[in-house]
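**Q** Have a peek at my_file-v1.cif (mmCIF, C-alpha atoms).
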```
data_structure
loop_
_atom_site.label_atom_id
_atom_site.label_comp_id
_atom_site.auth_asym_id
_atom_site.auth_seq_id
_atom_site.Cartn_x
_atom_site.Cartn_y
_atom_site.Cartn_z
CA TRP A 1 0.00 0.00 0.00
CA LEU A 2 1.03 3.58 -0.64
CA THR A 3 -0.51 5.49 2.29
CA VAL A 4 -1.22 9.22 2.14
CA LYS A 5 -2.14 10.91 5.45
CA ASP A 6 -1.04 13.60 7.84
CA ILE A 7 -0.68 16.15 5.07
CA ARG A 8 -2.55 19.36 4.54
CA ASP A 9 -5.95 19.47 2.94
CA ASN A 10 -6.41 20.87 -0.57
CA ASN A 11 -3.97 18.53 -2.29
CA ILE A 12 -3.63 17.17 -5.79
CA LEU A 13 -2.00 13.85 -6.66
CA VAL A 14 -0.93 13.81 -10.31
CA PHE A 15 0.27 10.56 -11.89
CA ASN A 16 2.21 10.20 -15.10
CA GLY A 17 2.70 6.71 -16.56
CA GLU A 18 1.96 3.33 -14.99
CA PHE A 19 2.22 2.44 -11.30
CA ASN A 20 1.98 -0.79 -9.30
CA PHE A 21 0.51 -0.10 -5.85
CA ASP A 22 -2.68 0.25 -3.83
CA LEU A 23 -3.28 3.86 -2.80
CA TYR A 24 -4.76 4.50 0.66
CA ILE A 25 -5.82 8.06 1.58
CA GLU A 26 -6.88 8.69 5.16
CA GLY A 27 -8.52 11.67 6.83
CA ILE A 28 -7.76 14.23 4.13
CA LYS A 29 -10.38 16.73 2.98
CA ASN A 30 -10.41 18.22 -0.50
CA ILE A 31 -8.12 16.07 -2.61
CA GLU A 32 -7.83 15.55 -6.37
CA ILE A 33 -6.39 12.46 -8.08
CA THR A 34 -5.68 12.69 -11.80
CA SER A 35 -3.15 12.23 -14.62
CA LEU A 36 -0.54 14.60 -15.99
CA ASN A 37 -1.19 14.30 -19.72
CA LYS A 38 -2.66 11.10 -21.11
CA ARG A 39 -4.41 8.84 -18.62
CA ALA A 40 -2.11 7.23 -16.10
CA VAL A 41 -2.70 3.62 -15.03
CA ILE A 42 -2.70 2.39 -11.45
CA ASN A 43 -2.27 -1.39 -11.31
CA GLY A 44 -3.99 -1.59 -7.95
CA SER A 45 -6.79 0.20 -6.13
CA ILE A 46 -7.67 3.52 -4.52
CA MET A 47 -9.16 3.52 -1.02
CA TYR A 48 -10.37 6.80 0.47
CA ASN A 49 -11.38 7.16 4.13
CA GLY A 50 -12.12 10.79 4.83
CA PRO A 51 -14.73 13.56 5.05
CA GLY A 52 -14.94 14.16 1.32
CA PHE A 53 -14.51 16.79 -1.35
CA ILE A 54 -12.66 14.13 -3.33
CA ASN A 55 -12.27 14.37 -7.10
CA ILE A 56 -10.94 11.38 -9.06
CA HIS A 57 -10.78 11.92 -12.80
CA ASP A 58 -8.96 11.03 -16.02
CA ILE A 59 -7.18 7.95 -14.71
CA ASN A 60 -7.43 4.16 -15.20
CA ILE A 61 -7.58 1.61 -12.39
CA LYS A 62 -6.61 -1.96 -13.26
CA GLY A 63 -7.02 -5.06 -11.09
CA THR A 64 -6.06 -8.70 -11.47
CA PHE A 65 -9.16 -10.55 -10.18
CA LYS A 66 -7.02 -11.87 -7.32
CA GLN A 67 -8.09 -9.62 -4.42
CA ASP A 68 -11.50 -9.18 -2.77
CA ILE A 69 -11.42 -5.40 -3.10
CA SER A 70 -12.95 -2.67 -5.23
CA GLY A 71 -11.00 -0.61 -7.71
CA ILE A 72 -12.14 2.60 -6.00
CA ASN A 73 -13.52 2.30 -2.46
CA ILE A 74 -14.85 5.43 -0.73
CA SER A 75 -16.21 5.32 2.82
CA TYR A 76 -16.06 7.26 6.08
CA ASN A 77 -17.24 6.85 9.65
CA GLY A 78 -18.81 10.30 9.68
CA GLU A 79 -20.50 12.64 7.22
CA LEU A 80 -18.97 12.34 3.78
CA ASN A 81 -19.59 15.14 1.26
CA ASN A 82 -18.98 15.89 -2.39
CA ILE A 83 -17.62 12.93 -4.33
CA ASN A 84 -16.81 13.33 -8.02
CA ILE A 85 -15.56 10.45 -10.19
CA GLU A 86 -15.29 11.25 -13.88
CA ASN A 87 -13.53 9.90 -16.98
CA VAL A 88 -12.24 6.74 -15.33
CA GLU A 89 -11.90 3.17 -16.60
CA VAL A 90 -11.85 0.51 -13.89
CA PHE A 91 -11.73 -3.27 -14.33
CA GLY A 92 -10.54 -6.54 -12.84
CA PHE A 93 -11.88 -6.43 -9.25
CA LEU A 94 -13.66 -9.13 -7.27
CA VAL A 95 -15.95 -6.84 -5.25
CA ALA A 96 -16.75 -3.95 -7.60
CA GLY A 97 -15.17 -1.49 -9.95
CA ILE A 98 -16.33 1.35 -7.69
CA THR A 99 -17.85 1.14 -4.20
CA ILE A 100 -19.23 4.19 -2.36
CA GLN A 101 -20.80 3.34 0.99
CA PRO A 102 -21.25 4.85 4.45
CA ALA A 103 -19.16 3.09 7.07
CA THR A 104 -22.21 2.46 9.29
CA ASP A 105 -25.98 2.82 9.02
CA ILE A 106 -25.89 6.16 10.86
CA ASN A 107 -23.45 7.90 8.48
CA TYR A 108 -24.57 10.00 5.52
CA ILE A 109 -23.07 10.71 2.13
CA ASN A 110 -24.09 13.92 0.33
CA ASN A 111 -23.64 14.91 -3.32
CA VAL A 112 -22.19 12.12 -5.45
CA LYS A 113 -21.46 12.57 -9.14
CA ILE A 114 -20.44 9.61 -11.33
CA LYS A 115 -19.92 10.53 -14.99
CA ASN A 116 -18.23 9.00 -18.04
CA ILE A 117 -17.09 5.87 -16.22
CA TYR A 118 -16.34 2.63 -18.05
CA THR A 119 -16.48 -0.18 -15.49
CA HIS A 120 -16.18 -3.68 -16.90
CA HIS A 121 -15.07 -7.22 -16.06
CA ASN A 122 -15.58 -6.80 -12.32
CA ALA A 123 -17.80 -8.87 -10.03
CA VAL A 124 -20.09 -5.80 -9.90
CA GLY A 125 -19.64 -2.66 -11.93
CA ILE A 126 -20.59 -0.01 -9.36
CA ILE A 127 -22.08 -0.18 -5.85
CA ILE A 128 -23.48 3.00 -4.32
CA GLY A 129 -25.31 3.14 -0.99
CA TYR A 130 -26.32 0.99 1.95
CA GLY A 131 -28.24 -2.20 1.26
CA LYS A 132 -31.16 -2.23 3.71
CA PRO A 133 -34.74 -0.89 3.54
CA ASN A 134 -35.59 2.41 5.26
CA LYS A 135 -32.00 3.62 5.21
CA LEU A 136 -31.74 6.58 2.82
CA LEU A 137 -28.12 7.37 3.59
CA VAL A 138 -26.99 8.82 0.26
CA ASN A 139 -28.43 12.20 -0.72
CA ASN A 140 -28.33 13.60 -4.24
CA LEU A 141 -26.76 11.26 -6.78
CA ILE A 142 -26.01 12.20 -10.40
CA PHE A 143 -25.16 9.09 -12.43
CA THR A 144 -24.81 9.90 -16.13
CA ASN A 145 -23.08 8.82 -19.34
CA ASN A 146 -21.51 5.70 -17.83
CA GLU A 147 -21.00 2.25 -19.33
CA CYS A 148 -21.31 -0.80 -17.06
CA ALA A 149 -20.57 -3.94 -19.03
CA PHE A 150 -19.36 -7.57 -18.79
CA ASN A 151 -19.55 -7.59 -14.98
CA GLY A 152 -20.00 -10.95 -13.28
CA SER A 153 -16.86 -12.74 -12.28
CA GLY A 154 -18.15 -16.31 -12.34
CA LEU A 155 -16.25 -16.77 -9.06
CA PRO A 156 -17.60 -16.76 -5.49
CA GLY A 157 -18.41 -13.15 -4.70
CA PRO A 158 -21.02 -10.80 -3.29
CA SER A 159 -24.72 -11.66 -3.65
CA GLN A 160 -25.15 -9.06 -6.37
CA ASP A 161 -22.36 -10.53 -8.50
CA GLY A 162 -23.17 -9.83 -12.13
CA VAL A 163 -24.85 -6.42 -11.69
CA GLY A 164 -23.78 -3.50 -13.84
CA ALA A 165 -24.75 -0.90 -11.22
CA ASN A 166 -26.32 -1.56 -7.80
CA ILE A 167 -27.72 1.70 -6.39
CA VAL A 168 -29.41 1.42 -3.02
CA GLY A 169 -30.67 3.65 -0.22
CA ILE A 170 -30.66 6.89 -2.22
CA GLN A 171 -32.66 10.05 -1.58
CA THR A 172 -32.96 11.84 -4.94
CA ALA A 173 -31.06 10.62 -7.99
CA GLU A 174 -30.82 11.16 -11.71
CA ILE A 175 -29.71 8.05 -13.61
CA ALA A 176 -29.53 8.94 -17.28
CA TYR A 177 -27.81 8.31 -20.62
CA ASN A 178 -25.99 5.20 -19.39
CA LYS A 179 -25.32 1.84 -21.05
CA PHE A 180 -25.80 -1.38 -19.07
CA HIS A 181 -24.97 -4.46 -21.11
CA ASN A 182 -23.61 -8.04 -21.04
CA ASN A 183 -23.70 -8.25 -17.25
CA GLY A 184 -24.28 -11.59 -15.53
CA GLN A 185 -23.15 -13.62 -18.50
CA THR A 186 -20.87 -15.93 -16.55
CA PRO A 187 -22.34 -18.65 -14.30
CA ALA A 188 -22.37 -16.53 -11.15
CA HIS A 189 -25.42 -15.04 -9.40
CA GLY A 190 -26.05 -12.85 -12.46
CA HIS A 191 -28.68 -10.25 -11.79
CA SER A 192 -29.13 -7.23 -14.00
CA GLY A 193 -27.86 -4.21 -15.84
CA LEU A 194 -29.18 -1.64 -13.33
CA MET A 195 -30.63 -2.43 -9.92
CA VAL A 196 -32.12 0.44 -7.87
CA GLU A 197 -33.35 -0.59 -4.42
CA TYR A 198 -34.92 0.97 -1.31
CA SER A 199 -34.70 4.52 -2.65
CA SER A 200 -36.92 7.55 -3.14
CA HIS A 201 -37.35 10.30 -5.76
CA ILE A 202 -35.39 8.49 -8.47
CA HIS A 203 -35.48 9.49 -12.15
CA VAL A 204 -34.25 6.74 -14.50
CA HIS A 205 -34.30 7.95 -18.11
CA HIS A 206 -32.69 7.63 -21.54
CA ASN A 207 -30.63 4.56 -20.66
CA ASP A 208 -29.80 1.55 -22.86
CA ALA A 209 -29.94 -1.87 -21.20
CA TYR A 210 -29.26 -4.93 -23.35
CA ASP A 211 -27.84 -8.45 -23.41
CA ASN A 212 -27.90 -8.83 -19.62
CA PHE A 213 -28.42 -12.45 -18.70
CA ASP A 214 -28.67 -15.11 -16.03
CA ASP A 215 -29.00 -18.72 -17.07
CA THR A 216 -29.60 -19.98 -13.52
CA ILE A 217 -32.86 -18.28 -12.42
CA ASP A 218 -35.92 -17.43 -14.50
CA GLN A 219 -36.53 -13.69 -14.85
CA ASP A 220 -33.12 -12.62 -13.49
CA GLY A 221 -30.73 -11.03 -15.93
CA GLN A 222 -33.01 -7.99 -16.15
CA GLY A 223 -32.18 -4.80 -17.97
CA LEU A 224 -33.59 -2.51 -15.26
CA ILE A 225 -34.85 -3.38 -11.75
CA ILE A 226 -36.73 -1.04 -9.43
CA ASN A 227 -37.19 -2.67 -6.02
CA GLY A 228 -38.67 -1.13 -2.90
CA CYS A 229 -38.62 2.41 -4.31
CA ASP A 230 -41.00 5.34 -3.83
CA LYS A 231 -41.84 8.27 -6.09
CA THR A 232 -39.77 6.98 -8.98
CA ILE A 233 -40.08 7.65 -12.72
CA VAL A 234 -38.71 5.23 -15.34
CA GLU A 235 -39.01 6.73 -18.82
CA PHE A 236 -37.52 6.90 -22.32
CA ASN A 237 -35.28 3.86 -21.80
CA ASN A 238 -34.41 1.32 -24.49
CA VAL A 239 -34.29 -2.24 -23.17
CA TRP A 240 -33.69 -5.28 -25.36
CA ASN A 241 -32.44 -8.88 -25.51
CA ASN A 242 -32.22 -9.35 -21.75
CA ARG A 243 -33.57 -12.32 -19.85
CA GLY A 244 -35.94 -9.87 -18.15
CA GLY A 245 -36.67 -6.37 -19.42
CA ILE A 246 -37.98 -3.90 -16.84
CA GLN A 247 -38.93 -5.35 -13.45
CA ILE A 248 -40.85 -3.42 -10.79
CA MET A 249 -40.87 -5.27 -7.50
CA GLY A 250 -41.38 -4.98 -3.77
CA GLU A 251 -39.10 -7.46 -2.05
CA GLU A 252 -38.45 -6.70 1.66
CA ASP A 253 -40.02 -3.27 1.12
CA SER A 254 -42.88 -2.13 -1.12
CA SER A 255 -42.58 0.00 -4.24
CA ASN A 256 -45.04 2.89 -4.23
CA ASP A 257 -45.97 5.69 -6.62
CA VAL A 258 -43.86 4.53 -9.56
CA VAL A 259 -44.41 5.67 -13.15
CA VAL A 260 -43.14 3.56 -16.07
CA ARG A 261 -43.73 5.38 -19.34
CA PHE A 262 -42.47 5.86 -22.88
CA ASN A 263 -39.97 3.00 -22.71
CA THR A 264 -39.29 0.49 -25.48
CA CYS A 265 -38.74 -3.14 -24.47
CA ASN A 266 -37.90 -5.53 -27.28
CA ASN A 267 -37.40 -9.28 -27.21
CA ASP A 268 -36.69 -9.79 -23.53
CA ILE A 269 -37.95 -13.13 -22.22
CA SER A 270 -40.36 -11.04 -20.13
CA ASN A 271 -40.48 -7.43 -21.29
CA LEU A 272 -42.20 -6.17 -18.13
CA THR A 273 -42.43 -8.00 -14.80
CA LEU A 274 -44.52 -6.89 -11.81
CA ASN A 275 -43.44 -8.80 -8.73
CA GLN A 276 -44.51 -8.84 -5.08
CA ASN A 277 -45.62 -5.77 -3.09
CA ILE A 278 -46.15 -2.79 -5.38
CA ASN A 279 -48.81 -0.08 -5.12
CA ASN A 280 -50.07 2.80 -7.21
CA ILE A 281 -47.97 2.01 -10.27
CA GLN A 282 -48.81 3.68 -13.58
CA ILE A 283 -47.54 2.00 -16.74
CA TYR A 284 -48.41 3.79 -19.96
CA GLY A 285 -47.13 4.81 -23.36
CA ASN A 286 -44.59 1.98 -23.54
CA ILE A 287 -43.95 -0.35 -26.47
CA PHE A 288 -43.46 -4.01 -25.52
CA ARG A 289 -42.43 -6.13 -28.48
CA ALA A 290 -41.58 -9.85 -28.54
CA GLU A 291 -40.45 -11.96 -31.47
CA THR A 292 -40.03 -15.64 -30.75
CA LYS A 293 -40.52 -19.25 -31.70
CA ASP A 294 -40.39 -20.33 -28.08
CA TYR A 295 -41.62 -18.83 -24.79
CA LYS A 296 -41.81 -15.12 -24.19
CA ALA A 297 -44.27 -12.90 -22.35
CA ASN A 298 -44.82 -9.22 -22.92
CA VAL A 299 -45.99 -8.82 -19.31
CA THR A 300 -45.47 -11.18 -16.37
CA ILE A 301 -47.28 -10.65 -13.06
CA MET A 302 -45.85 -12.92 -10.39
CA ALA A 303 -46.22 -13.31 -6.60
CA PHE A 304 -48.05 -10.01 -6.84
CA THR A 305 -49.66 -8.22 -3.92
CA GLY A 306 -50.86 -4.66 -4.31
CA SER A 307 -52.44 -2.45 -6.93
CA VAL A 308 -51.54 -1.14 -10.36
CA THR A 309 -53.45 2.04 -11.17
CA LEU A 310 -53.13 1.94 -14.96
CA ILE A 311 -51.63 -0.23 -17.68
CA LYS A 312 -52.02 1.35 -21.13
CA ASN A 313 -49.45 0.38 -23.76
CA LEU A 314 -48.76 -1.17 -27.15
CA PHE A 315 -48.10 -4.91 -27.01
CA ALA A 316 -46.69 -6.37 -30.22
CA LEU A 317 -46.19 -10.14 -30.40
CA TYR A 318 -44.55 -11.73 -33.43
CA THR A 319 -44.47 -15.48 -33.08
CA THR A 320 -45.16 -18.83 -34.70
CA LYS A 321 -48.56 -20.41 -34.40
CA ASP A 322 -47.35 -23.32 -32.25
CA SER A 323 -45.24 -21.27 -29.82
CA ILE A 324 -46.24 -20.67 -26.19
CA ALA A 325 -45.59 -16.93 -26.30
CA VAL A 326 -48.25 -14.90 -24.48
CA ASN A 327 -49.27 -11.28 -24.19
CA VAL A 328 -49.84 -11.37 -20.43
CA MET A 329 -49.01 -14.09 -17.91
CA VAL A 330 -50.41 -13.90 -14.36
CA ASP A 331 -49.18 -16.64 -12.03
CA LYS A 332 -51.42 -18.49 -9.55
CA GLU A 333 -50.08 -16.57 -6.55
CA SER A 334 -51.22 -13.30 -8.11
CA VAL A 335 -54.82 -14.39 -8.78
CA LYS A 336 -56.33 -13.11 -5.52
CA PRO A 337 -59.40 -10.92 -4.91
CA ASN A 338 -57.47 -8.09 -3.27
CA ASN A 339 -54.91 -7.77 -6.06
CA VAL A 340 -55.82 -5.13 -8.63
CA TYR A 341 -54.18 -4.68 -12.01
CA ALA A 342 -56.01 -2.43 -14.44
CA PHE A 343 -55.40 -3.05 -18.16
CA SER A 344 -57.29 -0.44 -20.17
CA ASP A 345 -57.15 0.83 -23.77
CA ASN A 346 -54.10 -1.25 -24.70
CA VAL A 347 -53.28 -2.21 -28.27
CA TYR A 348 -52.46 -5.89 -28.87
CA ILE A 349 -50.79 -6.66 -32.18
CA ILE A 350 -50.53 -10.37 -32.96
CA GLN A 351 -48.67 -11.96 -35.83
CA GLY A 352 -48.51 -15.74 -36.11
CA LYS A 353 -51.56 -16.35 -33.93
CA ASP A 354 -55.24 -15.74 -34.58
CA LYS A 355 -55.89 -13.90 -31.31
CA PRO A 356 -53.96 -12.53 -28.34
CA VAL A 357 -53.16 -15.05 -25.61
CA PHE A 358 -53.40 -14.55 -21.85
CA ILE A 359 -52.55 -16.97 -19.04
CA VAL A 360 -54.17 -16.23 -15.69
CA GLY A 361 -53.41 -18.79 -13.02
CA GLU A 362 -54.48 -22.05 -14.60
CA GLN A 363 -56.74 -20.37 -17.18
CA TYR A 364 -55.61 -20.12 -20.79
CA LEU A 365 -57.58 -17.24 -22.28
CA ILE A 366 -57.82 -16.69 -26.02
CA GLY A 367 -58.70 -13.30 -27.43
CA LEU A 368 -59.84 -10.07 -25.84
CA GLU A 369 -63.18 -11.64 -24.97
CA GLY A 370 -61.37 -14.03 -22.61
CA TRP A 371 -59.33 -11.20 -21.13
CA ARG A 372 -62.46 -9.11 -20.61
CA SER A 373 -64.14 -12.03 -18.88
CA ILE A 374 -61.89 -11.46 -15.87
CA GLY A 375 -62.41 -7.68 -15.80
CA GLN A 376 -59.61 -6.41 -18.04
CA GLU A 377 -60.01 -4.10 -21.04
CA VAL A 378 -63.56 -3.33 -19.98
CA ASP A 379 -64.87 0.12 -20.97
#
```
What does the file become when written as structure tokens?
**A**
Amino acid sequence: WLTVKDIRDNNILVFNGEFNFDLYIEGIKNIEITSLNKRAVINGSIMYNGPGFINIHDINIKGTFKQDISGINISYNGELNNINIENVEVFGFLVAGITIQPATDINYINNVKIKNIYTHHNAVGIIIGYGKPNKLLVNNLIFTNNECAFNGSGLPGPSQDGVGANIVGIQTAEIAYNKFHNNGQTPAHGHSGLMVEYSSHIHVHHNDAYDNFDDTIDQDGQGLIINGCDKTIVEFNNVWNNRGGIQIMGEEDSSNDVVVRFNTCNNDISNLTLNQNINNIQIYGNIFRAETKDYKANVTIMAFTGSVTLIKNLFALYTTKDSIAVNVMVDKESVKPNNVYAFSDNVYIIQGKDKPVFIVGEQYLIGLEGWRSIGQEVD
């Protein structure tokens, strides 16, 4: 380790060339880490333990997949303010490319900006926040123009191994113009491109999520997951060729007041999944398109408890006549009197079958007349 401490605040560390060490910075406020001309390379990691005002930019961090550490690890047992990481490539780490977490569940982090990061071939691309419900410990996150790809080590690692970005316990965030792709491809836990959990006032927009996969668990390998979040908007995202497209869920904590609108989901095994405890969700103006010879569902409702205020979208299904692709699949656990999902004024385009297909519990419903028989698409 190269340890930096007991120096004055307001410092800049400038690297030129390639270095082989782990950099540990302790207790220093207001520090900048960057390169002299072209991007320097640190063959090791950066660990920061201090009160903040840290700026890491225009540098590459390279690991070897041999240590259970993150490429950049920022934490502090106290209030941590103003973190900026920009124009950084980080890869080869068995925990994450970047980890930003409070040291305990009573510490807060304020004002985090992550921009133009390429994090790839790590167990997890980026971890931000504290992973328990009702702990909004990170305030004001800007996460834009990043690429999180090929994460998932295939080796024993954290439970979220295979996630492009795991963002949890956030109060107010903008997550926009990012690319999440090819995460979870190795036989690890393999979860998703983007996973946002236990957060509030989140705006997820104009992201691309594609080719995320998990060949061990049905519906994992999602493009985008929103779990246990309140007052969240998911809009104008392009999601395609994942095992699961967009998933709204309420595991351990409910999701409430979520809007999913104007997204395009194409050829995911399930384009939209509603799972567990979610309430007052509006889903409208999206295009869900599936093209398959095998099984795919435009919408899957599973283990659902709660209420969906509105579902109004375009569902396009291009399939062969003998396939088992369906427009909407509702599992047996979700067919309960108190569960309310309101499909209204949707457009169902079918090619390869005579009529749209719906599976509700053990019922196989053909055509809109069958769907209307259980209270959906009724004027």
**Q** Once the PyMOL selection byres ((chain A and resi 193) around 12) is applied to the coordinates I shared, what remains selected? I want it as a PyMOL selection string.
**A** chain A and resi 120+124-126+146-152+160-167+178-185+190-192+194-196+207-214+220-226+239-247
**Q** Kindly export the residues of the current selection with C-alpha atoms, as a PDB file, in the frame of the given file.
**A**
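Result file follows (out.pdb):
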```
ATOM      1  CA  HIS A 120     -16.180  -3.680 -16.900  1.00  0.00           C
ATOM      2  CA  VAL A 124     -20.090  -5.800  -9.900  1.00  0.00           C
ATOM      3  CA  GLY A 125     -19.640  -2.660 -11.930  1.00  0.00           C
ATOM      4  CA  ILE A 126     -20.590  -0.010  -9.360  1.00  0.00           C
ATOM      5  CA  ASN A 146     -21.510   5.700 -17.830  1.00  0.00           C
ATOM      6  CA  GLU A 147     -21.000   2.250 -19.330  1.00  0.00           C
ATOM      7  CA  CYS A 148     -21.310  -0.800 -17.060  1.00  0.00           C
ATOM      8  CA  ALA A 149     -20.570  -3.940 -19.030  1.00  0.00           C
ATOM      9  CA  PHE A 150     -19.360  -7.570 -18.790  1.00  0.00           C
ATOM     10  CA  ASN A 151     -19.550  -7.590 -14.980  1.00  0.00           C
ATOM     11  CA  GLY A 152     -20.000 -10.950 -13.280  1.00  0.00           C
ATOM     12  CA  GLN A 160     -25.150  -9.060  -6.370  1.00  0.00           C
ATOM     13  CA  ASP A 161     -22.360 -10.530  -8.500  1.00  0.00           C
ATOM     14  CA  GLY A 162     -23.170  -9.830 -12.130  1.00  0.00           C
ATOM     15  CA  VAL A 163     -24.850  -6.420 -11.690  1.00  0.00           C
ATOM     16  CA  GLY A 164     -23.780  -3.500 -13.840  1.00  0.00           C
ATOM     17  CA  ALA A 165     -24.750  -0.900 -11.220  1.00  0.00           C
ATOM     18  CA  ASN A 166     -26.320  -1.560  -7.800  1.00  0.00           C
ATOM     19  CA  ILE A 167     -27.720   1.700  -6.390  1.00  0.00           C
ATOM     20  CA  ASN A 178     -25.990   5.200 -19.390  1.00  0.00           C
ATOM     21  CA  LYS A 179     -25.320   1.840 -21.050  1.00  0.00           C
ATOM     22  CA  PHE A 180     -25.800  -1.380 -19.070  1.00  0.00           C
ATOM     23  CA  HIS A 181     -24.970  -4.460 -21.110  1.00  0.00           C
ATOM     24  CA  ASN A 182     -23.610  -8.040 -21.040  1.00  0.00           C
ATOM     25  CA  ASN A 183     -23.700  -8.250 -17.250  1.00  0.00           C
ATOM     26  CA  GLY A 184     -24.280 -11.590 -15.530  1.00  0.00           C
ATOM     27  CA  GLN A 185     -23.150 -13.620 -18.500  1.00  0.00           C
ATOM     28  CA  GLY A 190     -26.050 -12.850 -12.460  1.00  0.00           C
ATOM     29  CA  HIS A 191     -28.680 -10.250 -11.790  1.00  0.00           C
ATOM     30  CA  SER A 192     -29.130  -7.230 -14.000  1.00  0.00           C
ATOM     31  CA  LEU A 194     -29.180  -1.640 -13.330  1.00  0.00           C
ATOM     32  CA  MET A 195     -30.630  -2.430  -9.920  1.00  0.00           C
ATOM     33  CA  VAL A 196     -32.120   0.440  -7.870  1.00  0.00           C
ATOM     34  CA  ASN A 207     -30.630   4.560 -20.660  1.00  0.00           C
ATOM     35  CA  ASP A 208     -29.800   1.550 -22.860  1.00  0.00           C
ATOM     36  CA  ALA A 209     -29.940  -1.870 -21.200  1.00  0.00           C
ATOM     37  CA  TYR A 210     -29.260  -4.930 -23.350  1.00  0.00           C
ATOM     38  CA  ASP A 211     -27.840  -8.450 -23.410  1.00  0.00           C
ATOM     39  CA  ASN A 212     -27.900  -8.830 -19.620  1.00  0.00           C
ATOM     40  CA  PHE A 213     -28.420 -12.450 -18.700  1.00  0.00           C
ATOM     41  CA  ASP A 214     -28.670 -15.110 -16.030  1.00  0.00           C
ATOM     42  CA  ASP A 220     -33.120 -12.620 -13.490  1.00  0.00           C
ATOM     43  CA  GLY A 221     -30.730 -11.030 -15.930  1.00  0.00           C
ATOM     44  CA  GLN A 222     -33.010  -7.990 -16.150  1.00  0.00           C
ATOM     45  CA  GLY A 223     -32.180  -4.800 -17.970  1.00  0.00           C
ATOM     46  CA  LEU A 224     -33.590  -2.510 -15.260  1.00  0.00           C
ATOM     47  CA  ILE A 225     -34.850  -3.380 -11.750  1.00  0.00           C
ATOM     48  CA  ILE A 226     -36.730  -1.040  -9.430  1.00  0.00           C
ATOM     49  CA  VAL A 239     -34.290  -2.240 -23.170  1.00  0.00           C
ATOM     50  CA  TRP A 240     -33.690  -5.280 -25.360  1.00  0.00           C
ATOM     51  CA  ASN A 241     -32.440  -8.880 -25.510  1.00  0.00           C
ATOM     52  CA  ASN A 242     -32.220  -9.350 -21.750  1.00  0.00           C
ATOM     53  CA  ARG A 243     -33.570 -12.320 -19.850  1.00  0.00           C
ATOM     54  CA  GLY A 244     -35.940  -9.870 -18.150  1.00  0.00           C
ATOM     55  CA  GLY A 245     -36.670  -6.370 -19.420  1.00  0.00           C
ATOM     56  CA  ILE A 246     -37.980  -3.900 -16.840  1.00  0.00           C
ATOM     57  CA  GLN A 247     -38.930  -5.350 -13.450  1.00  0.00           C
TER      58      GLN A 247
END
```
**Q** How many Å separate atom CA of A:Leu137 from atom CA of A:Glu26?
**A** 21.3 Å
**Q** So that I can see what lies close to A:Ser307, please list as a list in words the residues with an atom at most 9 Å from it, counting only C-alpha atoms and leaving out residues fewer than 6 positions away in the same chain.
**A** Asn277, Ile278, Asn279, Asn280, Ile281, Asn338, Asn339, Val340, Tyr341 and Ala342 of chain A
**Q** Run the PyMOL selection byres ((chain A and resi 230) around 9) on the file and write out the hits as an mmCIF file with C-alpha atoms, in the coordinates of the input.
**A**
```
data_model
loop_
_atom_site.group_PDB
_atom_site.id
_atom_site.type_symbol
_atom_site.label_atom_id
_atom_site.label_comp_id
_atom_site.auth_asym_id
_atom_site.auth_seq_id
_atom_site.Cartn_x
_atom_site.Cartn_y
_atom_site.Cartn_z
ATOM 1 C CA TYR A 198 -34.920 0.970 -1.310
ATOM 2 C CA SER A 199 -34.700 4.520 -2.650
ATOM 3 C CA SER A 200 -36.920 7.550 -3.140
ATOM 4 C CA HIS A 201 -37.350 10.300 -5.760
ATOM 5 C CA ILE A 202 -35.390 8.490 -8.470
ATOM 6 C CA GLY A 228 -38.670 -1.130 -2.900
ATOM 7 C CA CYS A 229 -38.620 2.410 -4.310
ATOM 8 C CA LYS A 231 -41.840 8.270 -6.090
ATOM 9 C CA THR A 232 -39.770 6.980 -8.980
ATOM 10 C CA SER A 254 -42.880 -2.130 -1.120
ATOM 11 C CA SER A 255 -42.580 0.000 -4.240
ATOM 12 C CA ASN A 256 -45.040 2.890 -4.230
ATOM 13 C CA ASP A 257 -45.970 5.690 -6.620
ATOM 14 C CA VAL A 258 -43.860 4.530 -9.560
#
```
**Q** Taking the file as shown, find all residues satisfying the PyMOL selection byres ((chain A and resi 47) around 12) and write them as a PyMOL selection string.
**A** chain A and resi 1-4+21-28+33+44-46+48-50+54+56+61+69-76+97-101
**Q** Show me the residues around (-17.2, 19.3, -5.8) - criterion: an atom at most 12 Å away, only C-alpha atoms counted - as number ranges by chain.
**A** A: 29-32, 52-56, 80-86, 110-114
**Q** To one decimal place in Å, what is the distance between atom CA of A:Asn275 and atom CA of A:Phe304?
**A** 5.1 Å
**Q** How many Å separate atom CA of A:Thr104 from atom CA of A:Thr144?
**A**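 Distance reported for this atom pair: 26.6 Å.
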**Q** Would you mind listing what lies within 8 Å of stretch 345-360 of chain A as a list in words, with only C-alpha atoms counted and same-chain residues fewer than 3 positions away left out?
**A** Ile311, Lys312, Asn313, Leu314, Phe315, Ala316, Leu317, Tyr318, Thr319, Thr320, Lys321, Ala325, Val326, Asn327, Val328, Met329, Val330, Asp331, Lys332, Val335, Gln363, Tyr364, Leu365, Ile366, Gly367, Leu368, Trp371 and Glu377 of chain A
**Q** Using all atoms listed in the file, which of the listed residues (A:Ala173, A:Tyr108, A:Asn267, A:Gly375) sits closest to A:Ala297?
**A**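 Of A:Ala173, A:Tyr108, A:Asn267, A:Gly375, the one nearest A:Ala297 is A:Asn267, counting all atoms listed in the file.
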**Q** Might you pull out every residue within 9 Å of A:Ile175, with all atoms listed in the file counted and same-chain residues fewer than 6 positions away left off, and present them as a ChimeraX atom specification?
**A** /A:141-145,202-207
**Q** When you write stretch 266-270 of chain A out from the block above, keep C-alpha atoms and present the result as a short mmCIF file (atom, residue, chain, number, x, y, z; two decimals), in the first residue's frame, please.
**A**
```cif
data_model
loop_
_atom_site.label_atom_id
_atom_site.label_comp_id
_atom_site.auth_asym_id
_atom_site.auth_seq_id
_atom_site.Cartn_x
_atom_site.Cartn_y
_atom_site.Cartn_z
CA ASN A 266 -37.90 -5.53 -27.28
CA ASN A 267 -37.40 -9.28 -27.21
CA ASP A 268 -36.69 -9.79 -23.53
CA ILE A 269 -37.95 -13.13 -22.22
CA SER A 270 -40.36 -11.04 -20.13
#
```
